[in-house]
Each structure stands twice: as C-alpha cells, then as structure tokens.
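Engineer: Hey, dropping my_file15.cif in here, mmCIF, C-alpha atoms:
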```
data_my_file
loop_
_atom_site.label_atom_id
_atom_site.label_comp_id
_atom_site.auth_asym_id
_atom_site.auth_seq_id
_atom_site.Cartn_x
_atom_site.Cartn_y
_atom_site.Cartn_z
CA MET O 164 -5.44 28.09 2.99
CA SER O 165 -6.34 24.97 4.96
CA ASP O 166 -3.62 23.17 6.90
CA VAL O 167 -5.31 19.84 6.29
CA ILE O 168 -4.56 17.61 3.32
CA ARG O 169 -6.96 14.75 2.62
CA LEU O 170 -6.14 11.82 0.36
CA HIS O 171 -8.34 8.94 -0.70
CA PHE O 172 -7.25 5.61 -2.17
CA ASP O 173 -9.11 2.56 -3.43
CA VAL O 174 -7.21 -0.60 -2.59
CA ALA O 175 -7.85 -3.38 -5.10
CA GLY O 176 -8.55 -6.75 -3.57
CA ASP O 177 -7.36 -9.02 -6.30
CA ASN O 178 -3.83 -7.78 -6.73
CA LEU O 179 -1.26 -8.45 -4.03
CA THR O 180 1.43 -7.02 -6.28
CA GLU O 181 -0.15 -3.58 -6.05
CA ALA O 182 -0.65 -3.73 -2.26
CA GLY O 183 1.36 -0.91 -0.76
CA ALA O 184 0.94 1.46 -3.70
CA ALA O 185 -1.23 3.80 -1.58
CA ALA O 186 1.28 3.76 1.29
CA GLY O 187 4.01 4.54 -1.22
CA SER O 188 2.03 7.53 -2.52
CA VAL O 189 1.45 8.85 1.00
CA LYS O 190 5.14 8.41 1.79
CA LYS O 191 5.99 10.54 -1.23
CA VAL O 192 3.54 13.30 -0.23
CA LEU O 193 4.84 13.38 3.36
CA HIS O 194 8.39 13.57 2.06
CA GLN O 195 7.44 16.53 -0.15
CA LEU O 196 5.86 18.21 2.88
CA GLY O 197 9.14 17.86 4.78
CA VAL O 198 7.78 15.58 7.52
CA ASP O 199 10.38 13.91 9.77
CA PRO O 200 11.64 10.73 8.00
CA ALA O 201 11.12 8.63 11.14
CA VAL O 202 7.47 9.71 11.26
CA ILE O 203 7.08 9.04 7.52
CA ARG O 204 8.42 5.50 7.99
CA ARG O 205 5.95 4.81 10.80
CA VAL O 206 3.01 6.03 8.71
CA ALA O 207 4.21 4.11 5.66
CA VAL O 208 4.72 0.81 7.47
CA ALA O 209 1.44 1.00 9.40
CA MET O 210 -0.52 1.85 6.26
CA TYR O 211 1.30 -0.75 4.19
CA GLU O 212 0.48 -3.51 6.68
CA GLY O 213 -3.13 -2.30 6.63
CA GLU O 214 -3.24 -2.46 2.85
CA ILE O 215 -1.78 -5.96 2.87
CA ASN O 216 -4.44 -7.01 5.39
CA MET O 217 -7.24 -5.59 3.26
CA VAL O 218 -5.97 -7.37 0.16
CA ILE O 219 -5.41 -10.66 1.95
CA HIS O 220 -8.53 -10.82 4.08
CA ALA O 221 -11.17 -8.47 2.73
CA ASP O 222 -10.95 -8.27 -1.06
CA GLY O 223 -9.66 -4.72 -0.82
CA GLY O 224 -11.19 -1.55 0.58
CA THR O 225 -10.43 2.12 0.93
CA ALA O 226 -7.77 4.19 2.65
CA ASP O 227 -8.39 7.78 3.73
CA VAL O 228 -5.51 9.86 4.96
CA GLU O 229 -5.68 13.17 6.81
CA ILE O 230 -2.43 15.10 7.08
CA THR O 231 -2.18 18.05 9.46
CA PRO O 232 0.83 19.79 11.00
CA GLU O 233 0.10 17.95 14.28
CA TYR O 234 -0.84 14.45 13.20
CA ILE O 235 -1.41 12.01 10.37
CA LYS O 236 -4.56 9.93 10.50
CA VAL O 237 -5.13 6.87 8.33
CA VAL O 238 -8.54 5.20 8.15
CA LEU O 239 -8.66 1.81 6.44
CA THR O 240 -12.14 0.55 5.69
CA ASP O 241 -13.22 -2.73 4.15
CA SER O 242 -16.40 -4.71 3.57
CA GLY O 243 -14.73 -8.03 4.27
CA PRO O 244 -15.71 -10.86 6.58
CA GLY O 245 -14.95 -8.87 9.75
CA ILE O 246 -12.87 -9.90 12.74
CA LYS O 247 -14.60 -12.23 15.18
CA ASP O 248 -12.10 -11.85 18.02
CA ILE O 249 -10.07 -8.62 17.82
CA ASP O 250 -7.90 -9.46 20.85
CA LEU O 251 -6.90 -12.74 19.23
CA ALA O 252 -6.25 -11.00 15.89
CA MET O 253 -3.97 -8.56 17.72
CA THR O 254 -1.87 -11.39 19.15
CA ALA O 255 1.56 -11.49 17.52
CA GLY O 256 1.93 -14.73 15.60
CA TYR O 257 -1.79 -15.44 15.19
CA SER O 258 -2.62 -15.76 11.52
CA THR O 259 -5.37 -16.99 9.24
CA ALA O 260 -3.41 -16.22 6.06
CA THR O 261 -3.20 -18.67 3.20
CA LYS O 262 -0.09 -20.48 1.99
CA ARG O 263 0.08 -18.14 -1.02
CA VAL O 264 0.24 -15.09 1.25
CA ARG O 265 2.92 -16.72 3.40
CA GLU O 266 4.96 -17.38 0.29
CA MET O 267 4.87 -13.64 -0.38
CA GLY O 268 6.67 -13.03 2.94
CA PHE O 269 3.59 -12.09 4.96
CA GLY O 270 0.92 -13.89 6.95
CA ALA O 271 3.08 -14.42 10.02
CA GLY O 272 0.55 -12.78 12.30
CA MET O 273 2.55 -9.57 12.56
CA GLY O 274 0.31 -7.20 10.59
CA LEU O 275 -1.97 -5.75 13.26
CA PRO O 276 0.73 -5.87 16.00
CA ASN O 277 3.09 -4.01 13.65
CA MET O 278 0.42 -1.42 12.92
CA ARG O 279 -0.17 -0.91 16.62
CA SER O 280 3.52 -0.59 17.46
CA TYR O 281 4.10 2.01 14.75
CA SER O 282 1.04 4.06 15.72
CA ASP O 283 0.49 6.43 18.60
CA GLU O 284 -3.17 5.46 18.68
CA MET O 285 -5.00 2.67 16.90
CA ASN O 286 -8.66 1.78 16.98
CA ILE O 287 -10.34 -1.23 15.36
CA THR O 288 -14.07 -1.61 14.87
CA SER O 289 -15.35 -4.72 13.20
CA GLU O 290 -18.56 -6.59 12.63
CA VAL O 291 -18.62 -10.13 11.33
CA GLY O 292 -20.15 -10.23 7.86
CA VAL O 293 -20.09 -6.43 7.53
CA GLY O 294 -16.48 -5.29 7.56
CA THR O 295 -13.65 -3.70 9.48
CA THR O 296 -12.38 -0.18 10.04
CA VAL O 297 -8.91 0.48 11.40
CA GLU O 298 -7.99 4.01 12.46
CA ILE O 299 -4.35 4.89 12.96
CA LEU O 300 -3.10 8.14 14.45
CA ILE O 301 0.53 9.20 14.39
CA TYR O 302 1.65 12.51 15.87
CA THR O 303 4.18 14.37 13.76
CA GLY O 304 6.00 16.04 16.62
CA LYS O 305 6.25 13.14 19.00
CA ASP O 306 9.76 11.89 19.62
CA ARG O 307 8.96 8.21 19.56
CA SER O 308 11.15 6.11 17.31
CA PRO O 309 10.04 2.69 16.02
CA VAL O 310 12.78 1.14 18.12
CA ASN O 311 11.45 2.59 21.33
CA MET O 312 7.93 1.62 20.39
CA ALA O 313 8.97 -1.96 19.68
CA ALA O 314 10.54 -2.07 23.14
CA GLU O 315 7.36 -0.74 24.70
CA ALA O 316 5.06 -3.12 22.83
CA MET J 269 31.29 -0.16 3.05
CA VAL J 270 30.91 0.98 -0.52
CA LEU J 271 28.40 -0.95 -2.66
CA SER J 272 31.10 -1.85 -5.16
CA GLN J 273 32.79 -3.80 -2.33
CA VAL J 274 29.51 -5.57 -1.57
CA LYS J 275 29.30 -6.53 -5.22
CA GLU J 276 32.86 -7.85 -5.17
CA ILE J 277 32.54 -9.76 -1.88
CA LEU J 278 29.35 -11.45 -3.01
CA ASN J 279 30.50 -11.86 -6.60
CA ALA J 280 27.14 -10.29 -7.38
CA GLN J 281 25.50 -9.14 -10.55
CA VAL J 282 23.96 -5.65 -10.43
CA ILE J 283 20.51 -5.78 -11.98
CA ALA J 284 19.32 -2.25 -11.27
CA GLY J 285 20.83 0.96 -9.92
CA GLU J 286 24.36 0.54 -11.26
CA GLN J 287 24.76 4.33 -11.00
CA PHE J 288 24.59 4.08 -7.19
CA ILE J 289 27.45 1.57 -6.91
CA GLY J 290 29.66 4.23 -5.31
CA CYS J 291 27.22 4.79 -2.43
CA GLU J 292 28.09 3.71 1.09
CA VAL J 293 26.08 1.38 3.33
CA CYS J 294 26.67 0.72 7.01
CA THR J 295 24.23 -2.05 7.93
CA ALA J 296 22.56 -5.15 6.53
CA CYS J 297 19.88 -7.66 7.45
CA GLY J 298 18.82 -11.00 6.00
CA SER J 299 15.22 -12.21 5.97
CA ASP J 300 12.64 -13.99 3.87
CA LEU J 301 9.86 -12.74 6.13
CA MET J 302 8.89 -9.22 5.14
CA SER J 303 6.78 -8.73 8.29
CA ASP J 304 9.95 -9.20 10.35
CA VAL J 305 11.77 -6.62 8.25
CA LEU J 306 8.89 -4.21 8.84
CA ALA J 307 8.82 -4.97 12.56
CA PHE J 308 12.44 -5.14 13.62
CA VAL J 309 14.81 -3.43 11.20
CA LYS J 310 15.74 0.03 12.39
CA GLU J 311 18.74 0.99 10.31
CA GLN J 312 18.45 1.41 6.59
CA GLY J 313 21.06 -0.58 4.71
CA ILE J 314 20.98 -3.74 2.67
CA LEU J 315 18.25 -6.35 2.66
CA LEU J 316 19.40 -9.85 1.72
CA THR J 317 16.58 -12.19 0.82
CA GLY J 318 15.71 -15.35 -1.04
CA LEU J 319 12.20 -14.11 -1.65
CA VAL J 320 11.39 -12.83 -5.12
CA ASN J 321 8.20 -10.83 -5.49
CA ALA J 322 7.08 -7.22 -5.75
CA GLN J 323 6.39 -6.99 -2.02
CA VAL J 324 10.12 -7.27 -1.32
CA VAL J 325 10.62 -4.00 -3.21
CA ARG J 326 7.60 -2.45 -1.49
CA THR J 327 8.87 -3.49 1.93
CA ALA J 328 12.28 -1.99 1.19
CA GLU J 329 10.56 1.19 0.02
CA MET J 330 8.62 1.54 3.28
CA MET J 331 11.75 0.98 5.37
CA ASP J 332 13.96 3.31 3.30
CA ILE J 333 16.16 0.35 2.37
CA LYS J 334 17.92 1.26 -0.86
CA VAL J 335 19.73 -2.00 -1.65
CA ILE J 336 18.30 -5.51 -2.08
CA VAL J 337 20.53 -8.53 -2.63
CA PHE J 338 18.82 -11.70 -3.85
CA VAL J 339 20.63 -14.81 -2.68
CA ARG J 340 20.94 -18.32 -4.14
CA GLY J 341 21.08 -16.93 -7.66
CA LYS J 342 17.53 -15.60 -7.51
CA VAL J 343 16.77 -12.91 -10.07
CA PRO J 344 14.00 -10.30 -9.76
CA ASN J 345 11.34 -10.16 -12.44
CA ASP J 346 10.79 -7.25 -14.84
CA GLU J 347 8.09 -5.69 -12.68
CA MET J 348 10.41 -5.63 -9.65
CA VAL J 349 13.22 -4.13 -11.72
CA ARG J 350 10.85 -1.46 -13.04
CA MET J 351 9.72 -0.61 -9.49
CA ALA J 352 13.29 -0.52 -8.21
CA ILE J 353 14.45 1.83 -10.97
CA GLN J 354 11.51 4.13 -10.26
CA LYS J 355 12.38 4.15 -6.54
CA GLU J 356 16.12 4.59 -7.19
CA MET J 357 17.05 1.30 -5.55
CA VAL J 358 19.92 -1.05 -6.21
CA LEU J 359 19.13 -4.69 -6.97
CA MET J 360 21.87 -7.34 -6.94
CA SER J 361 21.90 -11.09 -7.32
CA THR J 362 24.48 -13.41 -5.77
CA GLY J 363 24.93 -17.13 -6.18
CA PHE J 364 25.75 -17.56 -2.50
CA PRO J 365 23.06 -18.89 -0.15
CA MET J 366 21.71 -16.60 2.58
CA TYR J 367 23.94 -17.90 5.37
CA ILE J 368 27.15 -17.57 3.38
CA ALA J 369 26.24 -14.20 1.87
CA CYS J 370 25.42 -12.73 5.31
CA GLY J 371 28.59 -14.28 6.77
CA LYS J 372 30.80 -12.79 4.10
CA LEU J 373 29.41 -9.30 4.60
CA TYR J 374 29.55 -9.63 8.41
CA ASN J 375 33.18 -10.73 8.22
CA ALA J 376 33.93 -7.73 6.05
CA GLY J 377 32.60 -5.42 8.76
CA LEU J 378 28.99 -4.81 7.79
CA ILE J 379 27.03 -4.77 11.04
CA PRO J 380 23.46 -5.96 11.58
CA GLY J 381 20.73 -3.46 10.82
CA GLU J 382 18.37 -4.79 13.44
#
```
Once you've parsed the file, please lay out its structure as structure tokens.
Structural biologist:
Amino acid sequence: MSDVIRLHFDVAGDNLTEAGAAAGSVKKVLHQLGVDPAVIRRVAVAMYEGEINMVIHADGGTADVEITPEYIKVVLTDSGPGIKDIDLAMTAGYSTATKRVREMGFGAGMGLPNMRSYSDEMNITSEVGVGTTVEILIYTGKDRSPVNMAAEA
Amino acid sequence: MVLSQVKEILNAQVIAGEQFIGCEVCTACGSDLMSDVLAFVKEQGILLTGLVNAQVVRTAEMMDIKVIVFVRGKVPNDEMVRMAIQKEMVLMSTGFPMYIACGKLYNAGLIPGE
C-alpha cells in the first residue's frame, strides 16, 4: 500500500462563500490520519489563504494536495492575470483587493505573507497573462509552531 | 470560563450549538479582519466579530475556534448557521458593541488569545 495520498480540488472562481471548502476537506482528512493538530492548522490556514487568493484574483483554479508521512505539499494553480512583481505581492499590507473582498474580512495584504509564515517552504511561479502556481511544503514532524514562525517572519 | 457564563455576561442569544454551552473556554480575541485572525491568533477560544459572512465561520474552522460571538446585535444568516452546526461550533449574538463585549469578558477573567 502506498504511503502517499493525493487529493485534487477545483476551486470555483465566482463564489467567495465556498472559498475554503477544499482546505476544510483537507483538514478533515489530516485529522482522520492523526496528524499533529498544529501541523493541520498550518496546512489549513496556508491552503485557505491560497484558495481565497485564487477566488479573489484569478477566477478560481485547482488545488492538489500530496500527503505523506514526512510532509504535506499543496500546489495551487490558476490561469489568472499573474503576478507582475512577486516581491511586492509578498509584502505584508500590499493589496490589490476590491472593496467587496475587504468587506468580507480579507484583502489586507496578508494572504501571501500568511501562507509563507505557515509553510516550511513556499515557491511562487507566475507569468503575467498566463497564471500563477504556488507550492507550499509543510513537514509533519517539524516542531515549528505558528507562533514561532510568526516571530521568525 | 464556561460558555454559559459568557452567554450571561454578554446577555447573548445562542443561535447554534446550544448543546455545547457547558464547555469551557480560556481565551478570546476580537477582530473584523479575518486575515489578522489567521495570522496572529494562537490559542483557540472565542472569536468576537462584527463581520457577518460565511468566511467568518471558515476562518474559525481553520483556526480550531469553536465559538463565535457576533457583536452589535448582528445575526448570522442561515448558511452560516448551517455551516456552524455541521462543524459543531457555537454561534452567539450580543447587543453589546465590540469594545464593551471584549471589556466585559476581559474583566471576567478571559485572557487574550493572541
């Protein structure tokens, strides 16, 4: 039996209410697998922020999750407008979100920085007019609480 | 602090999760910005907010927050109540504004969850 579990989700672009449903599903699976709750929370928050970003900026996309005993990898892919300046997009507080998104409690420029601080490794590739892929890696055995990570960030 | 005390202190109405009213909580935080909740809250207790949309419930779900108190008399919609019941959360509504609601709980000994 393989030690790897792979999950695929389509994230709808026109429904902010449903954003986070995939992260919620992954959270449930990780809980059933007995993964450390602190690790589950990091995966859930990072993926949730990614989903929100895809809904807000890219009219949705896909989320692929790979779960192994050693790590959890989340790949978020969209065919949106792309990110022109990734360093700027990673700056806490920088936002291009609309008023509607801000009224939902998001769009404060914390999405990508949050994803980075909850991940052990994060890689963004983006091409303007083509789309964006964000890869997040979180090790299951690493003793690195969100609090410590926030302090390091 | 037991949730029934929270209900009493805030003169709150329980909208979902009445069966969990005997559960204990140790911390609370107040925010209308869900990104801040996701970034800075480390303990799982009560979220007080004036924001009313499904993403409040989702945010609480991701952070393992089991109790949401809506301030200023805000009431969650049916979809939020449905989600909360499914996720075994408690939803309350209080007429107090955010500042007063947080102050009352703080005075009663509920420490910050961030």
Engineer: For the file shown, what are the residues hit by the PyMOL selection byres ((chain O) within 10 of (chain J)), laid out as a PyMOL selection string?
Structural biologist: chain O and resi 179-184+186-187+190+200-201+203-212+215+265-274+276-278+280-281+308-310+313
Engineer: Find the residues near region 295-306 of chain O: any atom within 9 Å, counting all atoms listed in the file, skip ones fewer than 3 places away on the same chain, and give them as a PDB file with C-alpha atoms, keeping the file's coordinate frame.
Structural biologist:
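Written output follows (around.pdb):
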```pdb
ATOM      1  CA  VAL O 198       7.780  15.580   7.520  1.00  0.00           C
ATOM      2  CA  ASP O 199      10.380  13.910   9.770  1.00  0.00           C
ATOM      3  CA  VAL O 202       7.470   9.710  11.260  1.00  0.00           C
ATOM      4  CA  ILE O 203       7.080   9.040   7.520  1.00  0.00           C
ATOM      5  CA  ARG O 205       5.950   4.810  10.800  1.00  0.00           C
ATOM      6  CA  VAL O 206       3.010   6.030   8.710  1.00  0.00           C
ATOM      7  CA  ALA O 209       1.440   1.000   9.400  1.00  0.00           C
ATOM      8  CA  MET O 210      -0.520   1.850   6.260  1.00  0.00           C
ATOM      9  CA  GLY O 213      -3.130  -2.300   6.630  1.00  0.00           C
ATOM     10  CA  ALA O 221     -11.170  -8.470   2.730  1.00  0.00           C
ATOM     11  CA  THR O 231      -2.180  18.050   9.460  1.00  0.00           C
ATOM     12  CA  PRO O 232       0.830  19.790  11.000  1.00  0.00           C
ATOM     13  CA  GLU O 233       0.100  17.950  14.280  1.00  0.00           C
ATOM     14  CA  TYR O 234      -0.840  14.450  13.200  1.00  0.00           C
ATOM     15  CA  ILE O 235      -1.410  12.010  10.370  1.00  0.00           C
ATOM     16  CA  LYS O 236      -4.560   9.930  10.500  1.00  0.00           C
ATOM     17  CA  VAL O 237      -5.130   6.870   8.330  1.00  0.00           C
ATOM     18  CA  VAL O 238      -8.540   5.200   8.150  1.00  0.00           C
ATOM     19  CA  LEU O 239      -8.660   1.810   6.440  1.00  0.00           C
ATOM     20  CA  THR O 240     -12.140   0.550   5.690  1.00  0.00           C
ATOM     21  CA  ASP O 241     -13.220  -2.730   4.150  1.00  0.00           C
ATOM     22  CA  SER O 242     -16.400  -4.710   3.570  1.00  0.00           C
ATOM     23  CA  GLY O 243     -14.730  -8.030   4.270  1.00  0.00           C
ATOM     24  CA  PRO O 244     -15.710 -10.860   6.580  1.00  0.00           C
ATOM     25  CA  GLY O 245     -14.950  -8.870   9.750  1.00  0.00           C
ATOM     26  CA  ILE O 246     -12.870  -9.900  12.740  1.00  0.00           C
ATOM     27  CA  MET O 278       0.420  -1.420  12.920  1.00  0.00           C
ATOM     28  CA  ARG O 279      -0.170  -0.910  16.620  1.00  0.00           C
ATOM     29  CA  TYR O 281       4.100   2.010  14.750  1.00  0.00           C
ATOM     30  CA  SER O 282       1.040   4.060  15.720  1.00  0.00           C
ATOM     31  CA  ASP O 283       0.490   6.430  18.600  1.00  0.00           C
ATOM     32  CA  GLU O 284      -3.170   5.460  18.680  1.00  0.00           C
ATOM     33  CA  MET O 285      -5.000   2.670  16.900  1.00  0.00           C
ATOM     34  CA  ASN O 286      -8.660   1.780  16.980  1.00  0.00           C
ATOM     35  CA  ILE O 287     -10.340  -1.230  15.360  1.00  0.00           C
ATOM     36  CA  THR O 288     -14.070  -1.610  14.870  1.00  0.00           C
ATOM     37  CA  SER O 289     -15.350  -4.720  13.200  1.00  0.00           C
ATOM     38  CA  GLU O 290     -18.560  -6.590  12.630  1.00  0.00           C
ATOM     39  CA  VAL O 291     -18.620 -10.130  11.330  1.00  0.00           C
TER      40      VAL O 291
END
```
Engineer: Of the residues O:Gly294, O:Ile219, O:Arg169, O:Val228, which is the one nearest to Thr259 (chain O), using all atoms listed in the file?
Structural biologist: O:Ile219
Engineer: Work out how far apart CA of Asp222 (chain O) and CA of Val174 (chain O) are and give it in Å to one decimal.
Structural biologist: 8.7 Å
Engineer: Find the smallest box with edges along x, y and z containing every listed atom of region 343-353 of chain J, then add 6 Å on each side and report centre and edge lengths in Å to one decimal, as AutoDock Vina command-line options.
Structural biologist:
```
--center_x 12.4 --center_y -5.5 --center_z -11.5 --size_x 20.7 --size_y 26.7 --size_z 18.6
```
Engineer: Any idea what the distance is between CA of Gly318 (chain J) and CA of Ala185 (chain O)?
Structural biologist: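 One can read the CA of Gly318 (chain J) to CA of Ala185 (chain O) distance as 25.6 Å.
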Engineer: Work out how far CA of Phe288 (chain J) is from CA of Tyr367 (chain J), in Å to one decimal.
Structural biologist: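 Taking CA of Tyr367 (chain J) and CA of Phe288 (chain J), their separation equals 25.3 Å.
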Engineer: Which is closest to Val337 (chain J) among J:Leu316, J:Ala352, J:Met357, J:Ile289, if we use all atoms listed in the file?
Structural biologist: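 So, comparing all the options, the nearest one is J:Leu316.
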Engineer: Can you spell out as a list of chain:residue names the set of residues that the PyMOL selection byres ((chain J and resi 340) around 7) selects in the structure I just provided?
Structural biologist: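 Here the PyMOL selection byres ((chain J and resi 340) around 7) matches J:Gly318, J:Phe338, J:Val339, J:Gly341, J:Lys342, J:Thr362, J:Gly363, J:Phe364, J:Pro365, J:Met366.
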Engineer: Run through the PyMOL selection byres ((chain O and resi 173) around 9) on the given coordinates and return the selected residues as a PyMOL selection string.
Structural biologist: chain O and resi 171-172+174-175+185+223-227
Engineer: Looking at J:Ile333, J:Ala376, J:Gly285, J:Gly313, which one is nearest to Glu356 (chain J), with distances taken over only C-alpha atoms?
Structural biologist: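 With only C-alpha atoms as the atom set, the closest residue is J:Gly285.
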Engineer: Using only C-alpha atoms, pick whichever of O:Lys262, O:Gly176, O:Lys191, O:Thr254 has the shortest atom-to-atom distance to Val218 (chain O).
Structural biologist: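 Comparing O:Lys262, O:Gly176, O:Lys191, O:Thr254 against Val218 (chain O), the winner is O:Gly176.
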Engineer: Since the input lacks atoms, please generate all heavy atoms for region 274-284 of chain O and provide them as an mmCIF file, keeping the file's coordinate frame.
Structural biologist:
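The result, written out as rebuild-v4.cif:
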```cif
data_model
loop_
_atom_site.group_PDB
_atom_site.id
_atom_site.type_symbol
_atom_site.label_atom_id
_atom_site.label_comp_id
_atom_site.auth_asym_id
_atom_site.auth_seq_id
_atom_site.Cartn_x
_atom_site.Cartn_y
_atom_site.Cartn_z
ATOM 1 N N GLY O 274 0.889 -8.382 11.208
ATOM 2 C CA GLY O 274 0.310 -7.200 10.590
ATOM 3 C C GLY O 274 -0.291 -6.212 11.589
ATOM 4 O O GLY O 274 0.174 -5.077 11.709
ATOM 5 N N LEU O 275 -1.321 -6.657 12.303
ATOM 6 C CA LEU O 275 -1.970 -5.750 13.260
ATOM 7 C C LEU O 275 -1.021 -5.349 14.395
ATOM 8 O O LEU O 275 -0.971 -4.170 14.757
ATOM 9 C CB LEU O 275 -3.256 -6.384 13.814
ATOM 10 C CG LEU O 275 -4.449 -6.410 12.848
ATOM 11 C CD1 LEU O 275 -5.615 -7.180 13.467
ATOM 12 C CD2 LEU O 275 -4.906 -5.000 12.492
ATOM 13 N N PRO O 276 -0.227 -6.296 14.970
ATOM 14 C CA PRO O 276 0.730 -5.870 16.000
ATOM 15 C C PRO O 276 1.735 -4.836 15.484
ATOM 16 O O PRO O 276 2.084 -3.887 16.188
ATOM 17 C CB PRO O 276 1.450 -7.184 16.384
ATOM 18 C CG PRO O 276 0.454 -8.254 16.086
ATOM 19 C CD PRO O 276 -0.286 -7.768 14.870
ATOM 20 N N ASN O 277 2.186 -5.003 14.248
ATOM 21 C CA ASN O 277 3.090 -4.010 13.650
ATOM 22 C C ASN O 277 2.399 -2.653 13.542
ATOM 23 O O ASN O 277 2.991 -1.618 13.844
ATOM 24 C CB ASN O 277 3.523 -4.448 12.255
ATOM 25 C CG ASN O 277 4.825 -5.218 12.265
ATOM 26 O OD1 ASN O 277 5.416 -5.415 13.313
ATOM 27 N ND2 ASN O 277 5.270 -5.642 11.096
ATOM 28 N N MET O 278 1.159 -2.680 13.076
ATOM 29 C CA MET O 278 0.420 -1.420 12.920
ATOM 30 C C MET O 278 0.270 -0.721 14.264
ATOM 31 O O MET O 278 0.440 0.487 14.374
ATOM 32 C CB MET O 278 -0.964 -1.700 12.314
ATOM 33 C CG MET O 278 -0.902 -2.129 10.861
ATOM 34 S SD MET O 278 -2.455 -2.802 10.249
ATOM 35 C CE MET O 278 -3.433 -1.326 10.095
ATOM 36 N N ARG O 279 -0.014 -1.499 15.280
ATOM 37 C CA ARG O 279 -0.170 -0.910 16.620
ATOM 38 C C ARG O 279 1.143 -0.314 17.110
ATOM 39 O O ARG O 279 1.184 0.778 17.658
ATOM 40 C CB ARG O 279 -0.662 -1.978 17.612
ATOM 41 C CG ARG O 279 -0.824 -1.420 19.038
ATOM 42 C CD ARG O 279 -1.335 -2.453 19.997
ATOM 43 N NE ARG O 279 -0.471 -3.633 20.016
ATOM 44 C CZ ARG O 279 -0.735 -4.738 20.677
ATOM 45 N NH1 ARG O 279 -1.847 -4.843 21.350
ATOM 46 N NH2 ARG O 279 0.105 -5.750 20.667
ATOM 47 N N SER O 280 2.250 -1.064 16.903
ATOM 48 C CA SER O 280 3.520 -0.590 17.460
ATOM 49 C C SER O 280 4.054 0.636 16.728
ATOM 50 O O SER O 280 4.795 1.421 17.303
ATOM 51 C CB SER O 280 4.557 -1.718 17.492
ATOM 52 O OG SER O 280 4.856 -2.145 16.204
ATOM 53 N N TYR O 281 3.630 0.822 15.482
ATOM 54 C CA TYR O 281 4.100 2.010 14.750
ATOM 55 C C TYR O 281 3.146 3.200 14.907
ATOM 56 O O TYR O 281 3.442 4.281 14.438
ATOM 57 C CB TYR O 281 4.293 1.681 13.264
ATOM 58 C CG TYR O 281 5.596 0.959 12.980
ATOM 59 C CD1 TYR O 281 5.662 -0.417 12.908
ATOM 60 C CD2 TYR O 281 6.774 1.687 12.800
ATOM 61 C CE1 TYR O 281 6.863 -1.077 12.661
ATOM 62 C CE2 TYR O 281 7.975 1.042 12.555
ATOM 63 C CZ TYR O 281 8.013 -0.328 12.488
ATOM 64 O OH TYR O 281 9.195 -0.972 12.248
ATOM 65 N N SER O 282 2.020 2.981 15.556
ATOM 66 C CA SER O 282 1.040 4.060 15.720
ATOM 67 C C SER O 282 1.111 4.638 17.125
ATOM 68 O O SER O 282 1.525 3.968 18.062
ATOM 69 C CB SER O 282 -0.386 3.522 15.516
ATOM 70 O OG SER O 282 -0.500 2.835 14.310
ATOM 71 N N ASP O 283 0.661 5.878 17.257
ATOM 72 C CA ASP O 283 0.490 6.430 18.600
ATOM 73 C C ASP O 283 -0.862 6.009 19.161
ATOM 74 O O ASP O 283 -1.012 5.774 20.345
ATOM 75 C CB ASP O 283 0.596 7.963 18.555
ATOM 76 C CG ASP O 283 2.031 8.399 18.331
ATOM 77 O OD1 ASP O 283 2.930 7.840 18.983
ATOM 78 O OD2 ASP O 283 2.267 9.285 17.502
ATOM 79 N N GLU O 284 -1.844 5.947 18.270
ATOM 80 C CA GLU O 284 -3.170 5.460 18.680
ATOM 81 C C GLU O 284 -3.727 4.603 17.553
ATOM 82 O O GLU O 284 -3.546 4.926 16.377
ATOM 83 C CB GLU O 284 -4.127 6.632 18.936
ATOM 84 C CG GLU O 284 -3.761 7.465 20.145
ATOM 85 C CD GLU O 284 -4.676 8.682 20.293
ATOM 86 O OE1 GLU O 284 -5.857 8.612 19.891
ATOM 87 O OE2 GLU O 284 -4.187 9.704 20.794
#
```
